[in-house]
file final08.cif (mmCIF, C-alpha atoms and all ligand atoms; chains and numbers go by the auth columns)
data_run
#
loop_
_atom_site.group_PDB
_atom_site.id
_atom_site.type_symbol
_atom_site.label_atom_id
_atom_site.label_comp_id
_atom_site.label_asym_id
_atom_site.label_seq_id
_atom_site.Cartn_x
_atom_site.Cartn_y
_atom_site.Cartn_z
_atom_site.B_iso_or_equiv
_atom_site.auth_seq_id
_atom_site.auth_asym_id
ATOM 1 C CA MET A 1 107.571 135.909 161.551 0.00 19 A
ATOM 2 C CA TYR A 2 109.886 135.879 158.541 0.00 20 A
ATOM 3 C CA THR A 3 110.501 138.721 156.093 0.00 21 A
ATOM 4 C CA VAL A 4 111.183 137.864 152.465 0.00 22 A
ATOM 5 C CA ILE A 5 113.141 140.403 150.431 0.00 23 A
ATOM 6 C CA GLY A 6 112.522 140.251 146.692 0.00 24 A
ATOM 7 C CA ALA A 7 109.889 140.627 143.983 0.00 25 A
ATOM 8 C CA THR A 8 107.642 137.601 143.404 0.00 26 A
ATOM 9 C CA LYS A 9 108.506 137.158 139.705 0.00 27 A
ATOM 10 C CA THR A 10 112.115 136.164 140.507 0.00 28 A
ATOM 11 C CA ARG A 11 113.804 133.306 142.371 0.00 29 A
ATOM 12 C CA THR A 12 112.108 134.854 145.443 0.00 30 A
ATOM 13 C CA LEU A 13 109.001 132.849 144.529 0.00 31 A
ATOM 14 C CA ARG A 14 110.847 129.630 145.535 0.00 32 A
ATOM 15 C CA VAL A 15 111.217 130.865 149.109 0.00 33 A
ATOM 16 C CA MET A 16 107.623 132.130 149.304 0.00 34 A
ATOM 17 C CA TRP A 17 106.321 128.823 147.940 0.00 35 A
ATOM 18 C CA LEU A 18 108.141 126.838 150.623 0.00 36 A
ATOM 19 C CA LEU A 19 107.002 129.235 153.362 0.00 37 A
ATOM 20 C CA GLU A 20 103.419 128.705 152.188 0.00 38 A
ATOM 21 C CA GLU A 21 103.897 124.918 152.157 0.00 39 A
ATOM 22 C CA LEU A 22 105.184 125.175 155.738 0.00 40 A
ATOM 23 C CA GLY A 23 102.259 127.367 156.775 0.00 41 A
ATOM 24 C CA ALA A 24 104.769 129.906 158.128 0.00 42 A
ATOM 25 C CA ASP A 25 103.919 133.558 158.696 0.00 43 A
ATOM 26 C CA TYR A 26 105.880 135.989 156.551 0.00 44 A
ATOM 27 C CA ASP A 27 105.758 139.406 155.067 0.00 45 A
ATOM 28 C CA GLN A 28 107.365 140.471 151.830 0.00 46 A
ATOM 29 C CA GLU A 29 109.390 143.474 150.771 0.00 47 A
ATOM 30 C CA PRO A 30 109.066 143.202 146.959 0.00 48 A
ATOM 31 C CA ALA A 31 112.447 144.790 146.223 0.00 49 A
ATOM 32 C CA GLY A 32 114.187 144.490 142.876 0.00 50 A
ATOM 33 C CA PRO A 33 117.759 143.272 142.321 0.00 51 A
ATOM 34 C CA GLN A 34 120.457 145.815 143.201 0.00 52 A
ATOM 35 C CA SER A 35 117.885 148.034 144.958 0.00 53 A
ATOM 36 C CA GLU A 36 118.833 149.782 148.172 0.00 54 A
ATOM 37 C CA ILE A 37 116.921 147.189 150.201 0.00 55 A
ATOM 38 C CA ALA A 38 118.475 144.252 148.335 0.00 56 A
ATOM 39 C CA LEU A 39 121.959 145.671 148.919 0.00 57 A
ATOM 40 C CA LYS A 40 121.185 146.177 152.588 0.00 58 A
ATOM 41 C CA HIS A 41 120.555 142.445 153.040 0.00 59 A
ATOM 42 C CA ASN A 42 122.997 140.993 150.504 0.00 60 A
ATOM 43 C CA VAL A 43 126.302 142.641 149.593 0.00 61 A
ATOM 44 C CA LEU A 44 125.834 141.170 146.106 0.00 62 A
ATOM 45 C CA GLY A 45 122.512 143.021 145.727 0.00 63 A
ATOM 46 C CA LYS A 46 120.864 139.786 144.604 0.00 64 A
ATOM 47 C CA ILE A 47 117.415 138.623 145.613 0.00 65 A
ATOM 48 C CA PRO A 48 115.958 136.769 147.408 0.00 66 A
ATOM 49 C CA ALA A 49 117.017 137.287 150.997 0.00 67 A
ATOM 50 C CA LEU A 50 115.210 136.131 154.119 0.00 68 A
ATOM 51 C CA ILE A 51 115.302 137.905 157.453 0.00 69 A
ATOM 52 C CA ASP A 52 114.957 135.540 160.380 0.00 70 A
ATOM 53 C CA ASP A 53 115.597 136.603 163.943 0.00 71 A
ATOM 54 C CA GLY A 54 117.807 139.511 162.836 0.00 72 A
ATOM 55 C CA HIS A 55 119.832 137.413 160.389 0.00 73 A
ATOM 56 C CA SER A 56 119.800 138.267 156.670 0.00 74 A
ATOM 57 C CA LEU A 57 120.086 134.948 154.812 0.00 75 A
ATOM 58 C CA THR A 58 120.777 134.816 151.087 0.00 76 A
ATOM 59 C CA ASP A 59 120.453 132.503 148.061 0.00 77 A
ATOM 60 C CA SER A 60 117.101 130.874 147.290 0.00 78 A
ATOM 61 C CA VAL A 61 118.405 127.309 147.624 0.00 79 A
ATOM 62 C CA ALA A 62 120.371 128.005 150.818 0.00 80 A
ATOM 63 C CA ILE A 63 117.252 129.640 152.274 0.00 81 A
ATOM 64 C CA MET A 64 114.970 126.748 151.249 0.00 82 A
ATOM 65 C CA THR A 65 117.409 124.249 152.728 0.00 83 A
ATOM 66 C CA TYR A 66 117.586 126.269 155.953 0.00 84 A
ATOM 67 C CA LEU A 67 113.807 126.499 156.255 0.00 85 A
ATOM 68 C CA ALA A 68 113.252 122.824 155.453 0.00 86 A
ATOM 69 C CA ASP A 69 115.848 121.794 158.059 0.00 87 A
ATOM 70 C CA LYS A 70 114.513 124.209 160.651 0.00 88 A
ATOM 71 C CA HIS A 71 110.916 123.046 160.260 0.00 89 A
ATOM 72 C CA GLY A 72 111.875 119.402 159.639 0.00 90 A
ATOM 73 C CA ARG A 73 109.701 119.144 156.531 0.00 91 A
ATOM 74 C CA PHE A 74 110.162 118.948 152.738 0.00 92 A
ATOM 75 C CA THR A 75 113.600 117.431 153.249 0.00 93 A
ATOM 76 C CA ALA A 76 115.306 114.226 154.295 0.00 94 A
ATOM 77 C CA PRO A 77 117.118 114.770 157.614 0.00 95 A
ATOM 78 C CA ALA A 78 120.669 116.146 157.389 0.00 96 A
ATOM 79 C CA GLY A 79 123.373 113.500 157.781 0.00 97 A
ATOM 80 C CA THR A 80 121.427 110.692 156.104 0.00 98 A
ATOM 81 C CA PRO A 81 122.177 108.989 152.764 0.00 99 A
ATOM 82 C CA GLN A 82 118.704 110.082 151.616 0.00 100 A
ATOM 83 C CA ARG A 83 119.720 113.668 152.220 0.00 101 A
ATOM 84 C CA ALA A 84 122.915 113.221 150.210 0.00 102 A
ATOM 85 C CA HIS A 85 120.796 111.927 147.301 0.00 103 A
ATOM 86 C CA GLN A 86 118.405 114.862 147.673 0.00 104 A
ATOM 87 C CA ASP A 87 121.257 117.393 147.757 0.00 105 A
ATOM 88 C CA ALA A 88 122.828 115.766 144.700 0.00 106 A
ATOM 89 C CA MET A 89 119.533 116.274 142.861 0.00 107 A
ATOM 90 C CA THR A 90 119.374 119.908 144.017 0.00 108 A
ATOM 91 C CA LEU A 91 122.942 120.576 142.887 0.00 109 A
ATOM 92 C CA TRP A 92 122.387 118.870 139.539 0.00 110 A
ATOM 93 C CA LEU A 93 119.378 121.146 138.959 0.00 111 A
ATOM 94 C CA ILE A 94 121.516 124.180 139.756 0.00 112 A
ATOM 95 C CA ASP A 95 124.385 123.025 137.509 0.00 113 A
ATOM 96 C CA GLU A 96 122.333 121.980 134.513 0.00 114 A
ATOM 97 C CA VAL A 97 119.066 123.891 134.633 0.00 115 A
ATOM 98 C CA ASP A 98 119.259 127.072 136.733 0.00 116 A
ATOM 99 C CA ALA A 99 122.729 127.854 135.356 0.00 117 A
ATOM 100 C CA THR A 100 121.521 127.365 131.790 0.00 118 A
ATOM 101 C CA LEU A 101 118.547 129.687 132.279 0.00 119 A
ATOM 102 C CA TRP A 102 120.726 132.271 134.007 0.00 120 A
ATOM 103 C CA THR A 103 123.527 132.171 131.445 0.00 121 A
ATOM 104 C CA ASN A 104 120.981 132.596 128.680 0.00 122 A
ATOM 105 C CA ALA A 105 119.246 135.526 130.392 0.00 123 A
ATOM 106 C CA ARG A 106 122.507 137.268 131.079 0.00 124 A
ATOM 107 C CA HIS A 107 124.481 136.696 127.874 0.00 125 A
ATOM 108 C CA LYS A 108 122.175 135.775 124.982 0.00 126 A
ATOM 109 C CA ASP A 109 122.123 139.276 123.520 0.00 127 A
ATOM 110 C CA ALA A 110 125.917 139.548 123.599 0.00 128 A
ATOM 111 C CA VAL A 111 126.959 136.103 122.351 0.00 129 A
ATOM 112 C CA PRO A 112 125.746 134.970 118.899 0.00 130 A
ATOM 113 C CA GLY A 113 124.440 131.393 118.903 0.00 131 A
ATOM 114 C CA LEU A 114 124.320 131.145 122.681 0.00 132 A
ATOM 115 C CA GLU A 115 120.540 131.044 122.930 0.00 133 A
ATOM 116 C CA ALA A 116 120.240 128.036 120.594 0.00 134 A
ATOM 117 C CA ARG A 117 122.940 126.196 122.598 0.00 135 A
ATOM 118 C CA MET A 118 121.184 126.936 125.870 0.00 136 A
ATOM 119 C CA HIS A 119 117.847 125.763 124.466 0.00 137 A
ATOM 120 C CA ASP A 120 119.452 122.484 123.333 0.00 138 A
ATOM 121 C CA HIS A 121 121.120 121.990 126.684 0.00 139 A
ATOM 122 C CA PHE A 122 117.861 122.674 128.522 0.00 140 A
ATOM 123 C CA ALA A 123 116.040 120.127 126.340 0.00 141 A
ATOM 124 C CA GLN A 124 118.731 117.496 127.085 0.00 142 A
ATOM 125 C CA SER A 125 118.510 118.213 130.813 0.00 143 A
ATOM 126 C CA MET A 126 114.713 117.912 130.741 0.00 144 A
ATOM 127 C CA GLN A 127 115.040 114.540 129.008 0.00 145 A
ATOM 128 C CA ILE A 128 117.327 113.374 131.834 0.00 146 A
ATOM 129 C CA LEU A 129 114.988 114.812 134.456 0.00 147 A
ATOM 130 C CA SER A 130 111.980 113.131 132.874 0.00 148 A
ATOM 131 C CA ASN A 131 113.803 109.780 133.085 0.00 149 A
ATOM 132 C CA ARG A 132 114.776 110.459 136.702 0.00 150 A
ATOM 133 C CA LEU A 133 111.176 111.209 137.711 0.00 151 A
ATOM 134 C CA GLN A 134 109.995 107.755 138.808 0.00 152 A
ATOM 135 C CA SER A 135 107.359 108.646 141.421 0.00 153 A
ATOM 136 C CA SER A 136 105.041 111.549 142.202 0.00 154 A
ATOM 137 C CA PHE A 137 108.023 113.712 143.174 0.00 155 A
ATOM 138 C CA LEU A 138 111.715 113.788 142.285 0.00 156 A
ATOM 139 C CA MET A 139 112.846 112.004 145.452 0.00 157 A
ATOM 140 C CA GLY A 140 109.896 109.615 145.732 0.00 158 A
ATOM 141 C CA ASP A 141 106.438 109.941 147.245 0.00 159 A
ATOM 142 C CA GLU A 142 107.257 113.033 149.310 0.00 160 A
ATOM 143 C CA MET A 143 107.760 116.532 147.966 0.00 161 A
ATOM 144 C CA THR A 144 111.160 118.009 148.850 0.00 162 A
ATOM 145 C CA VAL A 145 113.189 121.174 148.178 0.00 163 A
ATOM 146 C CA PRO A 146 114.395 120.079 144.704 0.00 164 A
ATOM 147 C CA ASP A 147 110.786 119.819 143.519 0.00 165 A
ATOM 148 C CA ILE A 148 110.282 123.532 144.180 0.00 166 A
ATOM 149 C CA LEU A 149 113.558 124.312 142.441 0.00 167 A
ATOM 150 C CA ALA A 150 112.706 122.163 139.405 0.00 168 A
ATOM 151 C CA ALA A 151 109.145 123.466 139.057 0.00 169 A
ATOM 152 C CA HIS A 152 110.295 127.058 139.416 0.00 170 A
ATOM 153 C CA CYS A 153 112.951 126.582 136.722 0.00 171 A
ATOM 154 C CA MET A 154 110.378 124.973 134.384 0.00 172 A
ATOM 155 C CA GLY A 155 108.074 127.991 134.767 0.00 173 A
ATOM 156 C CA TRP A 156 111.001 130.332 134.204 0.00 174 A
ATOM 157 C CA ALA A 157 111.985 128.406 131.065 0.00 175 A
ATOM 158 C CA ALA A 158 108.464 128.593 129.644 0.00 176 A
ATOM 159 C CA SER A 159 108.280 132.346 130.161 0.00 177 A
ATOM 160 C CA ALA A 160 111.717 132.761 128.564 0.00 178 A
ATOM 161 C CA GLY A 161 110.688 130.855 125.422 0.00 179 A
ATOM 162 C CA PHE A 162 112.668 127.634 126.040 0.00 180 A
ATOM 163 C CA PRO A 163 111.561 124.400 124.301 0.00 181 A
ATOM 164 C CA PRO A 164 108.379 122.745 125.654 0.00 182 A
ATOM 165 C CA LEU A 165 108.433 119.914 128.203 0.00 183 A
ATOM 166 C CA ASP A 166 107.438 116.352 127.402 0.00 184 A
ATOM 167 C CA ASP A 167 104.019 115.131 128.586 0.00 185 A
ATOM 168 C CA LYS A 168 105.405 113.536 131.758 0.00 186 A
ATOM 169 C CA LEU A 169 107.082 116.751 132.909 0.00 187 A
ATOM 170 C CA LYS A 170 104.098 118.837 131.794 0.00 188 A
ATOM 171 C CA ASP A 171 101.902 116.743 134.077 0.00 189 A
ATOM 172 C CA TYR A 172 104.426 117.039 136.936 0.00 190 A
ATOM 173 C CA LEU A 173 104.563 120.835 136.536 0.00 191 A
ATOM 174 C CA LYS A 174 100.775 121.048 136.367 0.00 192 A
ATOM 175 C CA ARG A 175 100.478 119.093 139.644 0.00 193 A
ATOM 176 C CA MET A 176 103.136 121.246 141.310 0.00 194 A
ATOM 177 C CA ARG A 177 101.523 124.491 140.212 0.00 195 A
ATOM 178 C CA ALA A 178 98.059 123.306 141.281 0.00 196 A
ATOM 179 C CA ARG A 179 99.250 123.117 144.899 0.00 197 A
ATOM 180 C CA PRO A 180 97.423 125.667 147.076 0.00 198 A
ATOM 181 C CA ALA A 181 100.785 126.833 148.475 0.00 199 A
ATOM 182 C CA PHE A 182 102.018 127.770 144.997 0.00 200 A
ATOM 183 C CA ARG A 183 98.830 129.716 144.267 0.00 201 A
ATOM 184 C CA ALA A 184 99.058 131.438 147.657 0.00 202 A
ATOM 185 C CA ALA A 185 102.682 132.452 147.075 0.00 203 A
ATOM 186 C CA LEU A 186 101.826 133.906 143.669 0.00 204 A
ATOM 187 C CA ASN A 187 98.967 135.906 145.155 0.00 205 A
ATOM 188 C CA HIS A 188 100.735 136.985 148.348 0.00 206 A
HETATM 189 N N1 LIG B . 121.861 131.645 143.297 0.00 1 B
HETATM 190 C C1 LIG B . 121.102 132.811 143.678 0.00 1 B
HETATM 191 C C2 LIG B . 120.917 133.706 142.476 0.00 1 B
HETATM 192 C C3 LIG B . 120.198 135.009 142.851 0.00 1 B
HETATM 193 C C4 LIG B . 120.002 135.910 141.651 0.00 1 B
HETATM 194 O O1 LIG B . 120.864 136.006 140.759 0.00 1 B
HETATM 195 N N2 LIG B . 118.851 136.561 141.627 0.00 1 B
HETATM 196 C C5 LIG B . 118.543 137.466 140.533 0.00 1 B
HETATM 197 C C6 LIG B . 117.046 137.705 140.457 0.00 1 B
HETATM 198 S S1 LIG B . 116.146 136.186 140.199 0.00 1 B
HETATM 199 C C7 LIG B . 119.249 138.773 140.799 0.00 1 B
HETATM 200 O O2 LIG B . 119.197 139.289 141.907 0.00 1 B
HETATM 201 N N3 LIG B . 119.941 139.305 139.773 0.00 1 B
HETATM 202 C C8 LIG B . 120.612 140.561 139.859 0.00 1 B
HETATM 203 C C9 LIG B . 122.101 140.433 139.814 0.00 1 B
HETATM 204 O O3 LIG B . 122.636 139.337 139.612 0.00 1 B
HETATM 205 O O4 LIG B . 122.731 141.457 139.961 0.00 1 B
HETATM 206 C C10 LIG B . 119.757 132.391 144.267 0.00 1 B
HETATM 207 O O5 LIG B . 119.272 131.295 143.941 0.00 1 B
HETATM 208 O O6 LIG B . 119.187 133.140 145.078 0.00 1 B
#
call {"tool": "encode", "arguments": {"input": "final08.cif", "output": "structure tokens", "more": "lines below"}}
Ligand SMILES: N[C@@H](CCC(=O)N[C@@H](CS)C(=O)NCC(=O)O)C(=O)O
result
Amino acid sequence: MYTVIGATKTRTLRVMWLLEELGADYDQEPAGPQSEIALKHNVLGKIPALIDDGHSLTDSVAIMTYLADKHGRFTAPAGTPQRAHQDAMTLWLIDEVDATLWTNARHKDAVPGLEARMHDHFAQSMQILSNRLQSSFLMGDEMTVPDILAAHCMGWAASAGFPPLDDKLKDYLKRMRARPAFRAALNH
């Protein structure tokens, strides 16, 4: 049994979504960032964290990678070229999409003109992502960790008022969000 630390409407949802895809048992402590519980499991006070077998693991992408490796699903095996390609996709999404959303959320009110720049950069990144999406999922016919990351960021962008997706990405996001595991994570 896993315990997820973090409120659903944050990056915590990524971890819950993957746990649902894996059919793993978990409970949730819906703590906010910098709360006493968050600080107990992460010195940075950030969420999410995952408790597994007495270990407090942190960072949504590190946790998803851990879970996918541990269960041997939603990832190419570690130490394969396919995995290097998958990790490169994950890291590109962090560099160009998650970082853009986070920088905007954190600094837009303090830095004039930042929001417009972040919106432009997001739109450029989505154009690149749309071109990179050549199959049902980002890495081919199988869903992997970067799909959860990408779909989560797209939902975050929509709720933060970022520019709309093109039709191809809209369809991808619709398919991702129609997955029973996504619905179950939202309603957990
Ligand atoms: N790279 C980390 C970022 C975690 C993060 O910044 N989470 C936000 C909530 S979605 C948070 O805890 N913010 C509070 C803070 O930075 O103090 C991850 O993916 O888990």
call {"tool": "atom_distance", "arguments": {"input": "final08.cif", "atom1": "atom CA of Lys58 of chain A", "atom2": "atom CA of Gly72 of chain A"}}
result
12.7 Å
call {"tool": "atom_distance", "arguments": {"input": "final08.cif", "atom1": "atom CA of Asp116 of chain A", "atom2": "atom CA of Met19 of chain A"}}
result
28.8 Å
call {"tool": "residues_near_point", "arguments": {"input": "final08.cif", "point": "(100.1, 121.3, 142.9)", "cutoff": "12 Å", "atoms": "all atoms listed in the file", "output": "PyMOL selection string"}}
result
chain A and resi 35+39+154-155+161+165-166+169+189-202
call {"tool": "residues_near_ligand", "arguments": {"input": "final08.cif", "ligand": "ligand LIG 1 (chain B)", "cutoff": "10 Å", "atoms": "only C-alpha atoms and all ligand atoms", "output": "NGL selection string"}}
result
:A and (24-33 or 49-53 or 56-57 or 60 or 62-67 or 75-82 or 112 or 116-117 or 120 or 124 or 167 or 174)
call {"tool": "closest_residue", "arguments": {"input": "final08.cif", "among": "A:Met144, A:Met157, A:Ala178, A:Ala42", "to": "Lys88 of chain A", "atoms": "only C-alpha atoms"}}
result
A:Ala42
call {"tool": "resolve_selection", "arguments": {"input": "final08.cif", "expression": "the PyMOL selection byres (((chain A and resi 90-100) around 12) and not hetatm)", "output": "number ranges by chain"}}
result
A: 35-42, 82-89, 101-108, 155-166
call {"tool": "resolve_selection", "arguments": {"input": "final08.cif", "expression": "the PyMOL selection byres (((chain A and resi 184) around 12) and not hetatm)", "output": "ChimeraX atom specification"}}
result
/A:141-149,172,181-183,185-191
call {"tool": "closest_residue", "arguments": {"input": "final08.cif", "among": "A:Thr21, A:Gly179, A:Leu132, A:Gln46", "to": "Asn205 of chain A", "atoms": "only C-alpha atoms"}}
result
A:Gln46
call {"tool": "axis_aligned_box", "arguments": {"input": "final08.cif", "around": "segment 132-145 of chain A", "padding_each_side": "6 Å", "output": "JSON"}}
result
{"center_x": 119.5, "center_y": 122.8, "center_z": 125.7, "size_x": 21.6, "size_y": 28.6, "size_z": 22.2}
call {"tool": "atom_distance", "arguments": {"input": "final08.cif", "atom1": "atom CA of Ala175 of chain A", "atom2": "atom CA of Met136 of chain A"}}
result
10.7 Å
call {"tool": "closest_residue", "arguments": {"input": "final08.cif", "among": "A:Ala128, A:Ser74, A:Ala203, A:Glu114", "to": "Val61 of chain A", "atoms": "all atoms listed in the file"}}
result
A:Ser74
call {"tool": "decode", "arguments": {"input": "final08.cif", "residues": "segment 132-158 of chain A", "atoms": "N, CA and C atoms", "output": "mmCIF file, in the first residue's frame"}}
result
data_model
loop_
_atom_site.group_PDB
_atom_site.id
_atom_site.type_symbol
_atom_site.label_atom_id
_atom_site.label_comp_id
_atom_site.auth_asym_id
_atom_site.auth_seq_id
_atom_site.Cartn_x
_atom_site.Cartn_y
_atom_site.Cartn_z
ATOM 1 N N LEU A 132 6.103 39.211 -18.618
ATOM 2 C CA LEU A 132 6.507 37.797 -18.526
ATOM 3 C C LEU A 132 5.411 36.854 -19.025
ATOM 4 N N GLU A 133 4.175 37.158 -18.648
ATOM 5 C CA GLU A 133 3.082 36.243 -18.986
ATOM 6 C C GLU A 133 2.964 36.071 -20.509
ATOM 7 N N ALA A 134 3.060 37.175 -21.242
ATOM 8 C CA ALA A 134 2.949 37.089 -22.709
ATOM 9 C C ALA A 134 4.090 36.243 -23.275
ATOM 10 N N ARG A 135 5.311 36.427 -22.731
ATOM 11 C CA ARG A 135 6.458 35.621 -23.181
ATOM 12 C C ARG A 135 6.236 34.146 -22.900
ATOM 13 N N MET A 136 5.724 33.844 -21.729
ATOM 14 C CA MET A 136 5.502 32.442 -21.360
ATOM 15 C C MET A 136 4.413 31.819 -22.236
ATOM 16 N N HIS A 137 3.378 32.608 -22.541
ATOM 17 C CA HIS A 137 2.324 32.091 -23.423
ATOM 18 C C HIS A 137 2.895 31.787 -24.812
ATOM 19 N N ASP A 138 3.736 32.677 -25.322
ATOM 20 C CA ASP A 138 4.350 32.453 -26.645
ATOM 21 C C ASP A 138 5.227 31.210 -26.620
ATOM 22 N N HIS A 139 6.004 31.091 -25.547
ATOM 23 C CA HIS A 139 6.913 29.942 -25.470
ATOM 24 C C HIS A 139 6.130 28.630 -25.371
ATOM 25 N N PHE A 140 5.048 28.655 -24.607
ATOM 26 C CA PHE A 140 4.194 27.470 -24.492
ATOM 27 C C PHE A 140 3.634 27.097 -25.875
ATOM 28 N N ALA A 141 3.149 28.098 -26.607
ATOM 29 C CA ALA A 141 2.569 27.824 -27.927
ATOM 30 C C ALA A 141 3.620 27.208 -28.860
ATOM 31 N N GLN A 142 4.854 27.739 -28.803
ATOM 32 C CA GLN A 142 5.937 27.163 -29.639
ATOM 33 C C GLN A 142 6.215 25.716 -29.242
ATOM 34 N N SER A 143 6.251 25.475 -27.936
ATOM 35 C CA SER A 143 6.536 24.108 -27.455
ATOM 36 C C SER A 143 5.426 23.150 -27.867
ATOM 37 N N MET A 144 4.180 23.615 -27.832
ATOM 38 C CA MET A 144 3.060 22.754 -28.232
ATOM 39 C C MET A 144 3.107 22.447 -29.728
ATOM 40 N N GLN A 145 3.601 23.411 -30.509
ATOM 41 C CA GLN A 145 3.763 23.164 -31.950
ATOM 42 C C GLN A 145 4.784 22.047 -32.175
ATOM 43 N N ILE A 146 5.885 22.117 -31.420
ATOM 44 C CA ILE A 146 6.933 21.081 -31.522
ATOM 45 C C ILE A 146 6.365 19.730 -31.064
ATOM 46 N N LEU A 147 5.637 19.767 -29.962
ATOM 47 C CA LEU A 147 5.086 18.515 -29.421
ATOM 48 C C LEU A 147 4.091 17.893 -30.406
ATOM 49 N N SER A 148 3.285 18.737 -31.005
ATOM 50 C CA SER A 148 2.295 18.250 -31.974
ATOM 51 C C SER A 148 3.018 17.550 -33.132
ATOM 52 N N ASN A 149 4.131 18.126 -33.584
ATOM 53 C CA ASN A 149 4.898 17.494 -34.668
ATOM 54 C C ASN A 149 5.546 16.186 -34.204
ATOM 55 N N ARG A 150 5.911 16.138 -32.923
ATOM 56 C CA ARG A 150 6.589 14.934 -32.414
ATOM 57 C C ARG A 150 5.598 13.789 -32.162
ATOM 58 N N LEU A 151 4.330 14.118 -32.043
ATOM 59 C CA LEU A 151 3.316 13.087 -31.768
ATOM 60 C C LEU A 151 2.966 12.385 -33.078
ATOM 61 N N GLN A 152 3.539 11.195 -33.278
ATOM 62 C CA GLN A 152 3.384 10.492 -34.558
ATOM 63 C C GLN A 152 2.540 9.227 -34.440
ATOM 64 N N SER A 153 2.199 8.852 -33.214
ATOM 65 C CA SER A 153 1.396 7.635 -32.990
ATOM 66 C C SER A 153 0.318 7.971 -31.952
ATOM 67 N N SER A 154 -0.261 6.949 -31.353
ATOM 68 C CA SER A 154 -1.290 7.198 -30.343
ATOM 69 C C SER A 154 -0.708 7.927 -29.135
ATOM 70 N N PHE A 155 0.552 7.574 -28.797
ATOM 71 C CA PHE A 155 1.192 8.156 -27.617
ATOM 72 C C PHE A 155 2.540 8.750 -28.022
ATOM 73 N N LEU A 156 3.143 9.497 -27.099
ATOM 74 C CA LEU A 156 4.373 10.227 -27.459
ATOM 75 C C LEU A 156 5.505 9.309 -27.892
ATOM 76 N N MET A 157 5.615 8.122 -27.261
ATOM 77 C CA MET A 157 6.716 7.229 -27.589
ATOM 78 C C MET A 157 6.296 6.096 -28.521
ATOM 79 N N GLY A 158 5.101 6.164 -29.065
ATOM 80 C CA GLY A 158 4.651 5.114 -29.987
ATOM 81 C C GLY A 158 3.272 4.620 -29.608
#
